[in-house]
Structure formats: structure tokens, C-alpha cells
>>> print(open('query.cif').read())   # mmCIF, C-alpha atoms
data_upload
#
loop_
_atom_site.label_atom_id
_atom_site.label_comp_id
_atom_site.auth_asym_id
_atom_site.auth_seq_id
_atom_site.Cartn_x
_atom_site.Cartn_y
_atom_site.Cartn_z
CA MET V 259 22.54 49.66 55.36
CA GLY V 260 19.33 50.21 53.39
CA GLY V 261 16.21 51.32 55.20
CA PRO V 262 13.08 49.32 56.04
CA ARG V 263 11.37 50.42 52.81
CA ARG V 264 13.70 48.14 50.85
CA ILE V 265 12.73 45.16 53.00
CA ALA V 266 9.06 45.98 52.42
CA ARG V 267 9.57 45.61 48.66
CA ALA V 268 9.88 41.82 49.04
CA PRO V 269 7.12 40.08 47.04
CA SER V 270 5.66 38.43 50.15
CA ALA V 271 5.41 41.72 52.10
CA ASP V 272 1.68 42.08 51.44
CA THR V 273 1.09 38.87 53.39
CA TRP V 274 3.03 39.92 56.49
CA SER V 275 0.63 40.55 59.35
CA PHE V 276 1.19 40.95 63.06
CA PRO V 277 -2.27 40.57 64.65
CA PRO V 278 -2.34 43.62 66.96
CA ARG V 279 -1.29 45.93 64.12
CA PRO V 280 -1.69 44.18 60.77
CA HIS V 281 -0.58 47.31 58.90
CA THR V 282 2.80 47.30 60.65
CA HIS V 283 5.81 45.27 59.54
CA HIS V 284 6.93 43.70 62.79
CA VAL V 285 10.66 42.93 62.91
CA ARG V 286 11.45 40.55 65.77
CA TRP V 287 15.15 39.89 65.26
CA ILE V 288 18.10 41.15 63.22
CA GLU V 289 21.09 38.82 62.93
CA ALA V 290 24.32 40.04 61.35
CA ASP V 291 26.12 36.95 60.04
CA VAL V 292 29.18 36.32 62.20
CA SER V 293 31.05 34.71 59.29
CA VAL V 294 30.31 36.90 56.26
CA ALA V 295 30.39 40.70 56.09
CA ASP V 296 27.25 42.44 54.79
CA ARG V 297 25.11 39.29 55.18
CA VAL V 298 22.16 39.93 57.47
CA PHE V 299 19.06 37.90 58.33
CA VAL V 300 15.84 39.61 59.48
CA ALA V 301 13.02 37.76 61.24
CA ILE V 302 9.58 39.18 60.44
CA GLU V 303 6.94 37.93 62.88
CA ALA V 304 3.98 36.38 61.06
CA GLY V 305 5.74 37.15 57.80
CA ALA V 306 9.10 35.79 56.66
CA LEU V 307 12.80 35.42 57.18
CA VAL V 308 14.41 37.77 54.68
CA ARG V 309 18.11 38.10 53.80
CA THR V 310 20.54 40.59 52.41
CA PHE V 311 23.99 39.69 51.08
CA ASP V 312 25.03 43.25 50.29
CA GLY V 313 24.52 45.17 53.53
CA GLY V 314 20.86 45.98 52.90
CA ARG V 315 21.02 47.36 49.36
CA THR V 316 18.93 44.45 48.10
CA TRP V 317 16.84 41.83 49.92
CA ARG V 318 15.96 38.21 49.21
CA ASP V 319 12.45 37.08 50.11
CA ARG V 320 11.48 33.96 52.05
CA VAL V 321 11.90 30.64 50.28
CA ARG V 322 9.60 27.63 50.06
CA GLY V 323 9.97 25.41 53.10
CA GLY V 324 11.50 28.15 55.25
CA PRO V 325 10.19 29.69 58.48
CA TYR V 326 7.15 31.93 58.28
CA ASP V 327 6.34 33.19 61.80
CA THR V 328 9.98 33.91 62.59
CA HIS V 329 10.95 35.01 66.09
CA THR V 330 14.70 34.47 66.34
CA ALA V 331 17.52 33.67 63.89
CA LEU V 332 21.13 32.89 64.78
CA THR V 333 24.41 32.22 62.97
CA HIS V 334 27.54 30.53 64.36
CA PRO V 335 31.23 31.33 63.79
CA LEU V 336 32.15 27.63 63.58
CA ALA V 337 29.44 26.81 61.01
CA PRO V 338 29.54 29.33 58.12
CA GLY V 339 26.28 29.43 56.19
CA ARG V 340 24.28 27.80 58.94
CA ILE V 341 21.17 29.51 60.32
CA TYR V 342 19.07 28.43 63.27
CA SER V 343 15.50 29.76 63.46
CA ALA V 344 12.96 29.56 66.26
CA ALA V 345 9.52 30.29 64.85
CA GLY V 346 5.86 30.11 65.72
CA ASP V 347 5.60 27.41 63.06
CA GLY V 348 8.46 25.32 64.49
CA TYR V 349 12.22 24.89 64.41
CA TYR V 350 14.22 25.40 61.20
CA GLU V 351 17.84 25.06 60.16
CA SER V 352 19.65 26.02 56.97
CA THR V 353 23.20 25.09 55.98
CA ASP V 354 23.33 27.23 52.83
CA ALA V 355 22.58 30.74 54.17
CA GLY V 356 18.83 30.33 53.82
CA ASP V 357 18.53 28.97 50.27
CA SER V 358 16.95 25.77 51.63
CA TRP V 359 15.69 24.63 55.01
CA SER V 360 15.09 21.53 57.12
CA SER V 361 12.82 21.27 60.13
CA PRO V 362 14.09 18.61 62.56
CA GLU V 363 11.35 18.46 65.21
CA ASP V 364 11.47 14.86 66.43
CA GLY V 365 10.90 14.98 70.19
CA LEU V 366 9.46 18.50 70.30
CA LYS V 367 6.08 18.28 72.04
CA HIS V 368 5.61 22.05 71.86
CA VAL V 369 6.33 23.70 68.52
CA TYR V 370 5.58 27.38 69.11
CA LEU V 371 9.21 28.48 69.55
CA VAL V 372 10.55 31.87 70.59
CA GLY V 373 14.15 31.69 71.79
CA VAL V 374 17.11 29.72 70.43
CA ALA V 375 20.72 29.48 71.61
CA VAL V 376 23.70 27.51 70.34
CA ASP V 377 26.72 26.30 72.28
CA PRO V 378 29.58 28.67 71.34
CA ALA V 379 31.97 25.70 71.20
CA ASP V 380 29.65 23.27 69.39
CA PRO V 381 27.36 24.38 66.54
CA ASP V 382 25.47 21.08 66.80
CA THR V 383 24.23 21.66 70.37
CA VAL V 384 21.07 23.77 70.36
CA ILE V 385 18.40 24.75 72.88
CA VAL V 386 15.03 26.37 72.26
CA SER V 387 12.24 27.83 74.38
CA ALA V 388 8.89 26.34 73.44
CA THR V 389 5.21 26.39 74.27
CA ASP V 390 1.81 25.65 72.70
CA GLY V 391 1.05 29.10 71.29
CA PRO V 392 1.25 32.86 71.84
CA GLY V 393 -1.18 32.77 74.78
CA SER V 394 0.94 30.44 76.88
CA ALA V 395 4.11 32.18 75.68
CA TYR V 396 3.28 35.70 76.84
CA SER V 397 0.06 35.82 78.88
CA PRO V 398 0.73 35.99 82.63
CA ARG V 399 -2.42 34.01 83.43
CA GLY V 400 -1.80 31.17 80.99
CA ALA V 401 2.01 31.13 80.95
CA GLU V 402 3.57 27.71 80.41
CA ALA V 403 6.98 27.46 78.75
CA TYR V 404 9.54 24.70 78.23
CA VAL V 405 13.20 24.38 77.27
CA TYR V 406 14.34 21.68 74.84
CA ARG V 407 17.85 20.59 73.90
CA LYS V 408 19.34 18.54 71.08
CA THR V 409 22.80 17.62 69.85
CA GLY V 410 23.46 16.73 66.22
CA VAL V 411 20.86 14.38 64.74
CA GLN V 412 19.56 13.27 68.13
CA ARG V 413 15.92 13.94 69.02
CA TRP V 414 14.93 16.95 71.07
CA GLU V 415 14.60 16.35 74.81
CA GLN V 416 13.03 18.53 77.46
CA SER V 417 15.80 20.10 79.53
CA MET V 418 14.11 21.58 82.59
CA SER V 419 16.30 20.35 85.44
CA GLY V 420 17.32 23.31 87.60
CA LEU V 421 14.98 25.70 85.77
CA PRO V 422 11.65 27.19 86.94
CA ALA V 423 8.57 25.00 86.53
CA ALA V 424 6.93 25.30 83.11
CA LYS V 425 3.54 26.37 84.44
CA GLY V 426 3.59 30.01 85.44
CA THR V 427 6.74 30.83 83.44
CA ARG V 428 6.64 32.96 80.32
CA VAL V 429 8.66 31.90 77.32
CA SER V 430 12.41 32.47 77.64
CA HIS V 431 15.12 34.18 75.63
CA PHE V 432 18.72 33.07 76.05
CA ALA V 433 22.21 34.51 75.98
CA THR V 434 25.39 32.42 75.94
CA HIS V 435 28.21 33.40 78.25
CA ASP V 436 31.51 32.12 79.55
CA PHE V 437 30.82 28.88 81.44
CA GLN V 438 32.69 29.63 84.69
CA GLU V 439 31.53 33.23 84.85
CA LEU V 440 27.88 32.35 84.49
CA ALA V 441 28.06 29.35 86.80
CA LYS V 442 29.39 31.64 89.55
CA ALA V 443 26.85 34.40 88.87
CA SER V 444 23.67 32.37 88.59
CA GLY V 445 24.39 28.71 89.14
CA VAL V 446 22.57 27.84 85.90
CA ALA V 447 24.65 25.43 83.84
CA ARG V 448 23.27 23.08 81.19
CA GLN V 449 25.91 20.42 80.52
CA SER V 450 28.11 21.74 77.69
CA LEU V 451 25.77 24.67 76.99
CA THR V 452 25.67 27.55 79.45
CA LEU V 453 22.60 29.74 79.47
CA GLU V 454 21.25 32.84 81.10
CA LEU V 455 17.49 32.64 81.39
CA LYS V 456 15.84 35.79 80.11
CA GLY V 457 12.25 34.69 80.72
CA SER V 458 10.42 35.83 83.85
CA ARG V 459 7.81 34.71 86.28
CA PRO V 460 4.59 36.68 85.70
CA GLU V 461 3.26 39.01 88.34
CA VAL V 462 -0.06 37.86 89.80
#
>>> encode(input="query.cif", output="C-alpha cells")
Amino acid sequence: MGGPRRIARAPSADTWSFPPRPHTHHVRWIEADVSVADRVFVAIEAGALVRTFDGGRTWRDRVRGGPYDTHTALTHPLAPGRIYSAAGDGYYESTDAGDSWSSPEDGLKHVYLVGVAVDPADPDTVIVSATDGPGSAYSPRGAEAYVYRKTGVQRWEQSMSGLPAAKGTRVSHFATHDFQELAKASGVARQSLTLELKGSRPEV
């Protein structure tokens, strides 16, 4: 795969800026498409979601209407071409490998998103971790994070039952696992979507 210098040739690269180190291109997530070989999506925090369809030899820049402050991007084996993106500027989905995007946010009361997970058996069931901004996402003193869930075209709903209280919890990352295995290990089961909470309570 081509090196980071090829990604940095994207026309929008001069506008990418991660506040602590604005001179540094800050890659938050790399998602190899589970359906198509050599197709990879790269989330640039405070920058873009860029794509390669040839294993990194060439890169396609962000498109109008797509995520900007991208934190996480996922693909799904049962939905070829579909991308799910949790971003600081909201939730985004694409059904054509990133050529165009929609942003279904009805019901989301917090739109600074960090983590996203999709039910392995149902590409229409999605959860996200959400908060008001970077301070409440990562700062131990101001931590306050929520989990939302939606299925298909339904609105997002907070899904906090059985999870730590929002106040005092930093924003979460998720990993999907086998339902029975995870239920035994942690007791955390969210209806048809099973999650392992990767967020943590801050030390005081």
C-alpha cells in the first residue's frame, strides 16, 4: 500500500488541522473494506474521509456533503458499498462507497460522535457514542457521553439502560462480538446488537 505522502497529496490536505499539532496529519481510523479488495477508507480528524480503490496507489479526496472531522468509519459484509461514519460534525452514511453521503440525525441530541458499531447480522442496526464536544468526550473533569441506537429509517434513541451514567464517563468505542460469548463475559447485551464498551470512567 502507498505511504502517507500519497494521502497528503489530496487537494484538501492543506486544510487538515488537528488543534494540538496543526502541522501533523492526524489519522484516526483506517478501514479496509470487507467487501472489496484494495478499497480502503481513512478517517482524518479535523480533515476529511479519503478513499483508495487501488490499495493506496492513488487517493480520492473528500466529497461535498461528506464528513469532515472524521473519527471512525466502518463497512459491512452484508451491505457492499455502504460506509458508516462517526464524526465531530455528526453522523454520515454512504451507500456508494463514499461518492455521496446522507446525514440522518433525527433524534440525536448530541452530535459530536466518536464511536460507531453495526450489528454483524443487520447492517441497518447502528449504535454511536455521542457527546457535546471534545471537552466532554475526553476530559476527565467534564466527561459526559451517551450511546444512541437506530434501526433502518427510525429516529435515533438514547440507549443507556445497563450502561454507566453519562456524566463522568468518557466517550466510548465499541467492538462487536458473538452474542452468547459476550453476554457471559460482561453481561452487556443491547437487544439484537451486542457491544463491548471500550470507554472508561475517568480517574479523579
>>> residues_near_point(input="query.cif", point="(20.7, 21.2, 52.8)", cutoff="12 Å", atoms="all atoms listed in the file", output="list in words")
Gly323, Gly324, Gly339, Arg340, Ile341, Tyr350, Glu351, Ser352, Thr353, Asp354, Ala355, Gly356, Asp357, Ser358, Trp359, Ser360 and Ser361 of chain V
>>> resolve_selection(input="query.cif", expression="the PyMOL selection byres ((chain V and resi 408) around 12)", output="ChimeraX atom specification")
/V:349,362-366,374-377,380-386,405-407,409-417,448-451
>>> closest_residue(input="query.cif", among="V:Ser387, V:Thr273, V:Thr333, V:Thr328", to="Val298 in chain V", atoms="all atoms listed in the file")
V:Thr333
>>> closest_residue(input="query.cif", among="V:Ala388, V:Val321, V:Ala379, V:Ala331", to="Gly348 in chain V", atoms="all atoms listed in the file")
V:Ala388
>>> resolve_selection(input="query.cif", expression="the PyMOL selection byres ((chain V and resi 305) around 10)", output="PDB file with C-alpha atoms, keeping the file's coordinate frame")
ATOM      1  CA  SER V 270       5.660  38.430  50.150  1.00  0.00           C
ATOM      2  CA  ALA V 271       5.410  41.720  52.100  1.00  0.00           C
ATOM      3  CA  ASP V 272       1.680  42.080  51.440  1.00  0.00           C
ATOM      4  CA  THR V 273       1.090  38.870  53.390  1.00  0.00           C
ATOM      5  CA  TRP V 274       3.030  39.920  56.490  1.00  0.00           C
ATOM      6  CA  SER V 275       0.630  40.550  59.350  1.00  0.00           C
ATOM      7  CA  PHE V 276       1.190  40.950  63.060  1.00  0.00           C
ATOM      8  CA  HIS V 283       5.810  45.270  59.540  1.00  0.00           C
ATOM      9  CA  HIS V 284       6.930  43.700  62.790  1.00  0.00           C
ATOM     10  CA  VAL V 285      10.660  42.930  62.910  1.00  0.00           C
ATOM     11  CA  ALA V 301      13.020  37.760  61.240  1.00  0.00           C
ATOM     12  CA  ILE V 302       9.580  39.180  60.440  1.00  0.00           C
ATOM     13  CA  GLU V 303       6.940  37.930  62.880  1.00  0.00           C
ATOM     14  CA  ALA V 304       3.980  36.380  61.060  1.00  0.00           C
ATOM     15  CA  ALA V 306       9.100  35.790  56.660  1.00  0.00           C
ATOM     16  CA  LEU V 307      12.800  35.420  57.180  1.00  0.00           C
ATOM     17  CA  VAL V 308      14.410  37.770  54.680  1.00  0.00           C
ATOM     18  CA  ARG V 320      11.480  33.960  52.050  1.00  0.00           C
ATOM     19  CA  PRO V 325      10.190  29.690  58.480  1.00  0.00           C
ATOM     20  CA  TYR V 326       7.150  31.930  58.280  1.00  0.00           C
ATOM     21  CA  ASP V 327       6.340  33.190  61.800  1.00  0.00           C
ATOM     22  CA  THR V 328       9.980  33.910  62.590  1.00  0.00           C
TER      23      THR V 328
END
>>> residues_around(input="query.cif", residues="Ala424 in chain V", least_positions_apart="5", cutoff="12 Å", atoms="all atoms listed in the file", output="list in words")
His368, Ser387, Ala388, Thr389, Asp390, Ser394, Ala395, Gly400, Ala401, Glu402, Ala403, Tyr404, Val405, Tyr406, Gln416, Ser417, Met418, Ser419, Val429, Ser430, Gly457, Ser458, Arg459 and Pro460 of chain V
>>> closest_residue(input="query.cif", among="V:Lys425, V:Thr310, V:Asp291, V:Ala268", to="His334 in chain V", atoms="only C-alpha atoms")
V:Asp291
>>> closest_residue(input="query.cif", among="V:Pro378, V:Pro422, V:Gly346, V:Gly373", to="Gly391 in chain V", atoms="only C-alpha atoms")
V:Gly346
>>> build_atoms(input="query.cif", residues="range 300-316 of chain V", atoms="N, CA and C atoms", output="PDB file, in the coordinates of the input")
ATOM      1  N   VAL V 300      16.856  38.859  58.731  1.00  0.00           N
ATOM      2  CA  VAL V 300      15.840  39.610  59.480  1.00  0.00           C
ATOM      3  C   VAL V 300      14.607  38.739  59.655  1.00  0.00           C
ATOM      4  N   ALA V 301      14.206  38.556  60.920  1.00  0.00           N
ATOM      5  CA  ALA V 301      13.020  37.760  61.240  1.00  0.00           C
ATOM      6  C   ALA V 301      11.809  38.672  61.329  1.00  0.00           C
ATOM      7  N   ILE V 302      10.839  38.429  60.453  1.00  0.00           N
ATOM      8  CA  ILE V 302       9.580  39.180  60.440  1.00  0.00           C
ATOM      9  C   ILE V 302       8.515  38.303  61.093  1.00  0.00           C
ATOM     10  N   GLU V 303       7.966  38.741  62.226  1.00  0.00           N
ATOM     11  CA  GLU V 303       6.940  37.930  62.880  1.00  0.00           C
ATOM     12  C   GLU V 303       5.697  37.855  62.008  1.00  0.00           C
ATOM     13  N   ALA V 304       5.145  36.637  61.907  1.00  0.00           N
ATOM     14  CA  ALA V 304       3.980  36.380  61.060  1.00  0.00           C
ATOM     15  C   ALA V 304       4.228  36.904  59.651  1.00  0.00           C
ATOM     16  N   GLY V 305       5.426  36.634  59.122  1.00  0.00           N
ATOM     17  CA  GLY V 305       5.740  37.150  57.800  1.00  0.00           C
ATOM     18  C   GLY V 305       6.769  36.361  57.033  1.00  0.00           C
ATOM     19  N   ALA V 306       8.039  36.387  57.477  1.00  0.00           N
ATOM     20  CA  ALA V 306       9.100  35.790  56.660  1.00  0.00           C
ATOM     21  C   ALA V 306      10.419  35.866  57.408  1.00  0.00           C
ATOM     22  N   LEU V 307      11.410  35.178  56.852  1.00  0.00           N
ATOM     23  CA  LEU V 307      12.800  35.420  57.180  1.00  0.00           C
ATOM     24  C   LEU V 307      13.447  35.907  55.897  1.00  0.00           C
ATOM     25  N   VAL V 308      13.841  37.181  55.888  1.00  0.00           N
ATOM     26  CA  VAL V 308      14.410  37.770  54.680  1.00  0.00           C
ATOM     27  C   VAL V 308      15.912  37.976  54.877  1.00  0.00           C
ATOM     28  N   ARG V 309      16.647  38.073  53.746  1.00  0.00           N
ATOM     29  CA  ARG V 309      18.110  38.100  53.800  1.00  0.00           C
ATOM     30  C   ARG V 309      18.658  39.180  52.883  1.00  0.00           C
ATOM     31  N   THR V 310      19.771  39.733  53.297  1.00  0.00           N
ATOM     32  CA  THR V 310      20.540  40.590  52.410  1.00  0.00           C
ATOM     33  C   THR V 310      21.977  40.102  52.392  1.00  0.00           C
ATOM     34  N   PHE V 311      22.590  40.091  51.222  1.00  0.00           N
ATOM     35  CA  PHE V 311      23.990  39.690  51.080  1.00  0.00           C
ATOM     36  C   PHE V 311      24.871  40.878  50.728  1.00  0.00           C
ATOM     37  N   ASP V 312      24.266  42.067  50.685  1.00  0.00           N
ATOM     38  CA  ASP V 312      25.030  43.250  50.290  1.00  0.00           C
ATOM     39  C   ASP V 312      24.797  44.428  51.251  1.00  0.00           C
ATOM     40  N   GLY V 313      24.641  44.120  52.519  1.00  0.00           N
ATOM     41  CA  GLY V 313      24.520  45.170  53.530  1.00  0.00           C
ATOM     42  C   GLY V 313      23.217  45.931  53.479  1.00  0.00           C
ATOM     43  N   GLY V 314      22.172  45.352  52.907  1.00  0.00           N
ATOM     44  CA  GLY V 314      20.860  45.980  52.900  1.00  0.00           C
ATOM     45  C   GLY V 314      20.490  46.701  51.636  1.00  0.00           C
ATOM     46  N   ARG V 315      21.369  46.690  50.619  1.00  0.00           N
ATOM     47  CA  ARG V 315      21.020  47.360  49.360  1.00  0.00           C
ATOM     48  C   ARG V 315      19.917  46.606  48.618  1.00  0.00           C
ATOM     49  N   THR V 316      19.986  45.275  48.688  1.00  0.00           N
ATOM     50  CA  THR V 316      18.930  44.450  48.100  1.00  0.00           C
ATOM     51  C   THR V 316      18.568  43.356  49.100  1.00  0.00           C
TER      52      THR V 316
END
